[in-house]
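Asks: Take this structure, written in structure tokens, and hold onto it; I'll ask about it next.
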Amino acid sequence: MIFVKIIGGLGNQMFQYAAARALADRLNVDLYLDLRDFDSYKLYGFGLDRFVVRAKVASDDELEEYPVWRFRLAKTLKKLKFSNRFYIEPSFCFSESWKKLGDRSYLSGYFQSEKYFMNSRESLCKDFQLKNNIYGKNERILKLMDDCESISVHVRRGDYLTNKKTLKIHGVCSYDYYKKAVEIMRLKYGSVRFFIFSNDAVWAKKNLDFGSNAVFITGNEESPEIDLHLMARCRHHILANSSFSWWGAWLGKNLNQCVVAPKPWFDNKRMFATDLLPSSWIEVDK
């Protein structure tokens with residue numbers, strides 16, 4: 001069995017699941033999700049249950065040998081090791097120590113690199129299929145995306161601006177970043193159509209030029225998995241510094257897709273994201 005702590009927004013949860021699923025598949029064991037932190041975490045709820053993921057929610061009995069206090073203490077005392085079965089992510093970079101993990105490991109971290117699961121792409125794309133079908137307005141948008149040189153654009157502001165702690169860590173992508181990214185897409189593909197996903201659509205409409213045929217995706221605030229599915233349907237992608245749009249691009253089905261991503265990913269210089277972006281993605285100063 002492999003256990004993994006799940007926390008954060010949907011994109012973060014997907015990274016945690018993907019890494020743990022790949023490890024469980026390599027070891028040919030079951031995967032269990034530890035959701036205990038959601039009891040006190042109010043920003044986001046558990047979202048992986050909207051996909052057809054291959055995992056079970058761990059019961060209290062199954063988690064008895066992995067008490068929460070051990071991980072809280074281990075974060076304070078970085079070098080403390082209670083057991084070789086406990087794996088606390090050492091940094092935001094991929095760690096070779098990952099390859100040594102065995103059965104009954106408990107994983108705690110963000111695991112934001114495809115290096116944890118790059119050999120499991122086919123199975124993960126199946127795991128992240130939606131449980132429920134898309135219909136109505138969103139089904140019509142999918143048809144529009146299929147009929148043009150579609151570009152997904154993620155403009156994330158909202159919590160990245162209003163929360164001072166979050167702003168200090170992440171920062172936001174500037175007007176110049178989006179202008180340059182749009183220029184890259186237009187130079188590469190000529191006639192394109194932009195599909196904009198944003199938690200601040202008013203700012204995006206007022207400040208960014210996506211052309212007269214741009215489509216602003218709205219109405220899925222309570223179903224972020226639908227926006228993610230729509231993103232992945234586009235042929236090319238312009239990301240925000242957000243794990244959400246990272247997944248929208250990584251799950252894309254176009255083998256020749258162009259992905260533009262912001263750099264640095266984090267404003268906090270102590271957070272190194274050198275393994276986060278696939279080498280084929282184009283980095284533009286954010």
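To be explicit about the labels: the chains of the structure tokens are called A, B, and onward in the order shown, and within each one the residues are counted from 1, while ligands get numbers from 1 in the order they are shown.
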Neighbours of segment 17-25 of chain A within 6 Å (only C-alpha atoms; same-chain residues fewer than 4 positions away dropped), as JSON, numbers by chain?

Replies: {"A": [2, 29, 116, 117]}

Asks: Please dump the current selection as a CSV table (one decimal), in the first residue's frame; keep N, CA and C atoms.

Replies:
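File produced: selection.csv:
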```
chain,number,residue,atom,x,y,z
A,2,ILE,N,0.4,2.3,-0.7
A,2,ILE,CA,1.0,3.6,-0.7
A,2,ILE,C,0.0,4.6,-0.1
A,29,VAL,N,0.9,-2.0,-6.0
A,29,VAL,CA,0.1,-2.0,-4.8
A,29,VAL,C,-1.0,-1.0,-4.8
A,116,TYR,N,8.3,12.7,-11.5
A,116,TYR,CA,7.7,11.8,-10.6
A,116,TYR,C,6.8,10.8,-11.3
A,117,PHE,N,6.2,11.2,-12.5
A,117,PHE,CA,5.2,10.3,-13.1
A,117,PHE,C,5.3,10.3,-14.6
```

Asks: Please give the complete set of residues from segment 11-203 of chain A that DSSP, run on the backbone, assigns to strand (DSSP E or B), formatted as a compact mmCIF listing (two decimals) with N, CA and C atoms, in the first residue's frame.

Replies:
```txt
# COMPACT_ATOMS: atom_id res chain seq x y z
N LEU A 31 -3.38 2.27 -3.72
CA LEU A 31 -3.12 3.65 -3.30
C LEU A 31 -4.25 4.13 -2.40
N TYR A 32 -3.86 4.76 -1.27
CA TYR A 32 -4.82 5.31 -0.31
C TYR A 32 -4.57 6.81 -0.14
N LEU A 33 -5.66 7.58 -0.11
CA LEU A 33 -5.59 9.03 0.03
C LEU A 33 -5.91 9.43 1.46
N ASP A 34 -5.03 10.23 2.05
CA ASP A 34 -5.23 10.75 3.40
C ASP A 34 -5.84 12.14 3.29
N PHE A 51 -12.96 12.95 -10.76
CA PHE A 51 -12.29 12.19 -11.81
C PHE A 51 -12.43 10.69 -11.52
N LYS A 56 -8.34 4.79 -3.05
CA LYS A 56 -9.35 4.69 -1.99
C LYS A 56 -9.06 5.76 -0.94
N VAL A 57 -10.10 6.30 -0.35
CA VAL A 57 -9.93 7.21 0.78
C VAL A 57 -9.60 6.38 2.00
N PHE A 86 8.26 6.98 6.00
CA PHE A 86 7.74 8.34 5.91
C PHE A 86 8.59 9.13 4.92
N TYR A 87 7.94 9.68 3.90
CA TYR A 87 8.69 10.45 2.92
C TYR A 87 8.12 11.86 2.87
N ILE A 88 8.88 12.83 3.37
CA ILE A 88 8.50 14.23 3.31
C ILE A 88 9.34 14.89 2.23
N TYR A 106 4.51 6.41 3.13
CA TYR A 106 3.55 7.51 3.29
C TYR A 106 4.20 8.76 2.72
N LEU A 107 3.50 9.44 1.79
CA LEU A 107 4.07 10.57 1.05
C LEU A 107 3.44 11.88 1.50
N SER A 108 4.28 12.89 1.73
CA SER A 108 3.80 14.22 2.10
C SER A 108 4.60 15.26 1.32
N LEU A 130 -13.21 12.93 -16.67
CA LEU A 130 -14.33 13.34 -15.81
C LEU A 130 -15.30 12.18 -15.56
N SER A 150 -7.08 26.60 -31.49
CA SER A 150 -7.51 27.07 -30.17
C SER A 150 -6.35 27.20 -29.21
N ILE A 151 -6.35 28.31 -28.47
CA ILE A 151 -5.31 28.60 -27.47
C ILE A 151 -5.98 28.82 -26.12
N SER A 152 -5.65 28.01 -25.13
CA SER A 152 -6.15 28.29 -23.79
C SER A 152 -5.25 29.33 -23.13
N VAL A 153 -5.86 30.26 -22.40
CA VAL A 153 -5.12 31.30 -21.68
C VAL A 153 -5.62 31.32 -20.24
N HIS A 154 -4.72 31.13 -19.30
CA HIS A 154 -5.12 31.18 -17.89
C HIS A 154 -4.61 32.48 -17.29
N VAL A 155 -5.53 33.30 -16.80
CA VAL A 155 -5.20 34.56 -16.14
C VAL A 155 -5.62 34.43 -14.69
N ARG A 193 -7.56 31.43 -32.13
CA ARG A 193 -8.68 31.87 -31.30
C ARG A 193 -8.34 31.57 -29.85
N PHE A 194 -8.48 32.59 -29.01
CA PHE A 194 -8.10 32.45 -27.60
C PHE A 194 -9.33 32.15 -26.74
N PHE A 195 -9.15 31.21 -25.83
CA PHE A 195 -10.19 30.84 -24.86
C PHE A 195 -9.63 31.16 -23.48
N ILE A 196 -10.23 32.15 -22.80
CA ILE A 196 -9.63 32.71 -21.58
C ILE A 196 -10.34 32.16 -20.35
N PHE A 197 -9.53 31.64 -19.44
CA PHE A 197 -10.00 31.13 -18.14
C PHE A 197 -9.41 32.04 -17.07
N SER A 198 -10.25 32.68 -16.28
CA SER A 198 -9.73 33.64 -15.31
C SER A 198 -10.65 33.79 -14.12
```

Asks: I want to know what sits within 10 Å of Leu239 of chain A, based on only C-alpha atoms, with residues of the same chain fewer than 4 positions away left out; could you give that as a PDB file with C-alpha atoms, in the first residue's frame?

Replies:
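Output (out.pdb):
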```pdb
ATOM      1  CA  SER A 152      -6.149  28.290 -23.788  1.00  0.00           C
ATOM      2  CA  VAL A 153      -5.118  31.299 -21.679  1.00  0.00           C
ATOM      3  CA  HIS A 154      -5.120  31.182 -17.891  1.00  0.00           C
ATOM      4  CA  VAL A 155      -5.195  34.563 -16.138  1.00  0.00           C
ATOM      5  CA  ARG A 156      -4.995  33.987 -12.406  1.00  0.00           C
ATOM      6  CA  CYS A 173       1.776  37.432 -14.443  1.00  0.00           C
ATOM      7  CA  TYR A 178       0.459  37.948 -21.784  1.00  0.00           C
ATOM      8  CA  ALA A 181       2.741  35.085 -25.162  1.00  0.00           C
ATOM      9  CA  PHE A 197      -9.996  31.134 -18.142  1.00  0.00           C
ATOM     10  CA  SER A 243      -0.623  24.238 -11.087  1.00  0.00           C
ATOM     11  CA  PHE A 244      -4.162  24.353 -12.470  1.00  0.00           C
ATOM     12  CA  SER A 245      -3.153  25.552 -15.938  1.00  0.00           C
ATOM     13  CA  TRP A 246      -0.008  23.382 -15.769  1.00  0.00           C
ATOM     14  CA  TRP A 247      -2.323  20.390 -15.779  1.00  0.00           C
ATOM     15  CA  GLY A 248      -4.514  21.888 -18.482  1.00  0.00           C
ATOM     16  CA  ALA A 249      -1.458  21.901 -20.751  1.00  0.00           C
ATOM     17  CA  VAL A 259       2.992  25.864 -24.330  1.00  0.00           C
ATOM     18  CA  VAL A 260       4.092  29.258 -23.017  1.00  0.00           C
ATOM     19  CA  ALA A 261       4.816  29.415 -19.295  1.00  0.00           C
ATOM     20  CA  PRO A 262       5.899  32.257 -16.972  1.00  0.00           C
ATOM     21  CA  GLU A 283       9.439  30.306 -20.804  1.00  0.00           C
TER      22      GLU A 283
END
```

Asks: For atom CA of Trp203 of chain A and atom CA of Val172 of chain A, quote the distance in Å rounded to one decimal.

Replies: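 A separation of 12.8 Å between them.
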
Asks: Using only C-alpha atoms, which residue out of A:Arg104, A:Lys131, A:Lys126, A:Arg121 lies closest to Gly47 of chain A?

Replies: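 Of A:Arg104, A:Lys131, A:Lys126, A:Arg121, the one nearest Gly47 of chain A is A:Lys131, counting only C-alpha atoms.
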